[in-house]
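First the structure, in the form of structure tokens, and then the observations on it.
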2 protein chains.
Amino acid sequence: MKIIAHIHNGFETKFGVPRQGGIVNEVKSKIVFEKEYRVPEAFRGLESFSHIWVLWKFDEAERDEFSPTVRPPRLGGNKRVGVFATRSPFRPNPIGLSVLKIEKLELDTPDGPVLTVLGADMKNGTPIYDIKPYLPEFDSIPEASEGFAEKTRNHKIDVIFPDEIATGLLEKDVETIKAILSHDPKPSYIHNERVYGMAFDGKEIKFTYTDDGITVLEVTSR
Amino acid sequence: MKIIAHIHNGFETKFGVPRQGGIVNEVKSKIVFEKEYRVPEAFRGLESFSHIWVLWKFDEAERDEFSPTVRPPRLGGNKRVGVFATRSPFRPNPIGLSVLKIEKLELDTPDGPVLTVLGADMKNGTPIYDIKPYLPEFDSIPEASEGFAEKTRNHKIDVIFPDEIATGLLEKDVETIKAILSHDPKPSYIHNERVYGMAFDGKEIKFTYTDDGITVLEVTSR
């Protein structure tokens, strides 16, 4: 398996990375290809698609032994389901599958062709194995059943971002941080009052959970 | 990369295999797992989903050198597009991606858990790398643009299956063969009057192209 590219974005740690692709479209990422694949012709026609599949490496999920079940955080962390019934990273081959929106394809940058995408659920530096066009005729099945995933969808929480903390930040950065936090970075079954920290885009964001959701406590440059 | 399973179906040769997953749902396949993964718990919860992603190996597509463009048969065979703008098998990592419909999951067979699926676009014996549930909330994007693929969709041709040839065959086998052929196994830009042969499910099917589409000439047991 060859690594063809890496993704570059603000997710400096795994904590805070969205659980699936396409959830937080406010997050922009750049896909930069390895030298061998910096060939503009290899991307010819891609500009006519709006979305791509990205096959990528679950970089921190390698295990020596096959574990047949996993405990998805969204099922409360105590219910075991089969690994093949989940998108968990802990699977026989550590390959992630995400559909991302293409924002821009630049063919002629100092790093060769660069693809800007929205909605990544990968940490900065994640290796990429393949890029394929999303073909709605085959790939889009709205009537497919969601299985047990249905119970966990639309889990979003309110985010309070006090004005005095937002002051000095760009409006779009505030919106991006709010969008990321609204998907509840910690496992949703854990309830405590500790202060969490998330590194994103050169900033350290401190927040805590209250009865009303998440409250941002501090944003500092790293 | 570990091979976790193989697919078993009637496609004995590459010729005749549908061009994408989900096109010919009349075709049934069985996914049989390698010994290490014959663990019923690994499939717990999968019965609540209707569709799966299958990541599989393009077994006959390995090349030594990276070729940045391909000529999709459906674009006439003479127009080159970038490999990352296609689902062509000739890509840096030979991984295919198909969404298939689950017909049945049997946990307790002599070969361990066996998954029966509809709509495979893989030859008999194709190695499989991963099975993931299809999550319509994230994976289904009906409004995604089809790019240049739009021009080639719905290419189907009429199939004439004369009664005297259908006699002695099961009705469902006739329907399956008709469904496969209606997707035009040969590159659609080639026009000639030769007799084509396709091996499927222990049968040899001979057919030819006329102005009206495909006419089945003979079906024999192999």
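Numbering starts fresh at 1 for the residues of each chain in the structure tokens, the chains themselves are lettered A, B, ... in the order given, and ligands are numbered from 1 as they appear.
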**Request:** Check every residue of chain A for an atom within 6 Å of chain B, counting only C-alpha atoms, and provide those that qualify as a PyMOL selection string.
**Result:** chain A and resi 1+41-46+48-50+68-69+81-85+93+131-133+135-136+140-142+144-147
**Request:** Can you pull out every residue within 6 Å of Val32 in chain A, counting only C-alpha atoms, but drop anything in the same chain fewer than 5 positions away, and send it as a ChimeraX atom specification?
**Result:** /A:5-6,114
Taking only C-alpha atoms into account, produce a table as a Markdown table in which each residue of range 147-173 of chain A with an atom at most 9 Å from an atom of range 184-194 of chain A appears once, together with its shortest atom pair and the distance in Å to one decimal, ordered by chain and rising number.
| residue | atom | partner | partner_atom | distance |
| --- | --- | --- | --- | --- |
| A:His155 | CA | A:Asp184 | CA | 8.1 |
| A:Lys156 | CA | A:Asp184 | CA | 6.7 |
| A:Ile157 | CA | A:Asp184 | CA | 6.6 |
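Candidate residues B:Leu217, B:Ile7, B:Ile165, B:Val27 were compared for distance to Ala179 in chain B, and the nearest is B:Val27, using only C-alpha atoms.
Looking only at range 16-53 of chain B, the set that DSSP places in helix (DSSP H, G or I) from backbone geometry is Lys35, Glu36, Tyr37, Pro40, Glu41, Ala42, Phe43, Leu46, Glu47 and Ser48 of chain B.
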Determine, counting only C-alpha atoms, which protein, DNA and RNA residues have an atom within 10 Å of an atom of Phe15 in chain B; residues of the same chain fewer than 5 positions away are not included. Present the result as a PDB file with N, CA and C atoms, in the first residue's frame.
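result-v6.pdb, written as the output of this step:
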ATOM      1  N   LYS B 123     -15.308 -10.226  -9.681  1.00  0.00           N
ATOM      2  CA  LYS B 123     -15.180 -11.594 -10.163  1.00  0.00           C
ATOM      3  C   LYS B 123     -15.193 -12.578  -8.999  1.00  0.00           C
ATOM      4  N   PRO B 185     -21.682  -5.709 -21.885  1.00  0.00           N
ATOM      5  CA  PRO B 185     -20.352  -6.125 -21.419  1.00  0.00           C
ATOM      6  C   PRO B 185     -19.185  -5.615 -22.262  1.00  0.00           C
ATOM      7  N   LYS B 186     -19.368  -5.500 -23.546  1.00  0.00           N
ATOM      8  CA  LYS B 186     -18.214  -5.034 -24.354  1.00  0.00           C
ATOM      9  C   LYS B 186     -18.121  -3.510 -24.260  1.00  0.00           C
ATOM     10  N   TYR B 196     -19.800 -13.122 -29.040  1.00  0.00           N
ATOM     11  CA  TYR B 196     -19.117 -13.011 -27.743  1.00  0.00           C
ATOM     12  C   TYR B 196     -19.537 -14.181 -26.858  1.00  0.00           C
ATOM     13  N   GLY B 197     -18.646 -14.584 -25.991  1.00  0.00           N
ATOM     14  CA  GLY B 197     -18.978 -15.638 -25.031  1.00  0.00           C
ATOM     15  C   GLY B 197     -18.708 -15.138 -23.624  1.00  0.00           C
ATOM     16  N   MET B 198     -19.633 -15.454 -22.715  1.00  0.00           N
ATOM     17  CA  MET B 198     -19.444 -15.059 -21.323  1.00  0.00           C
ATOM     18  C   MET B 198     -19.706 -16.278 -20.438  1.00  0.00           C
ATOM     19  N   ALA B 199     -18.821 -16.510 -19.495  1.00  0.00           N
ATOM     20  CA  ALA B 199     -19.021 -17.616 -18.568  1.00  0.00           C
ATOM     21  C   ALA B 199     -19.689 -17.072 -17.317  1.00  0.00           C
ATOM     22  N   PHE B 200     -20.826 -17.688 -16.942  1.00  0.00           N
ATOM     23  CA  PHE B 200     -21.490 -17.248 -15.718  1.00  0.00           C
ATOM     24  C   PHE B 200     -22.210 -18.421 -15.067  1.00  0.00           C
TER      25      PHE B 200
END
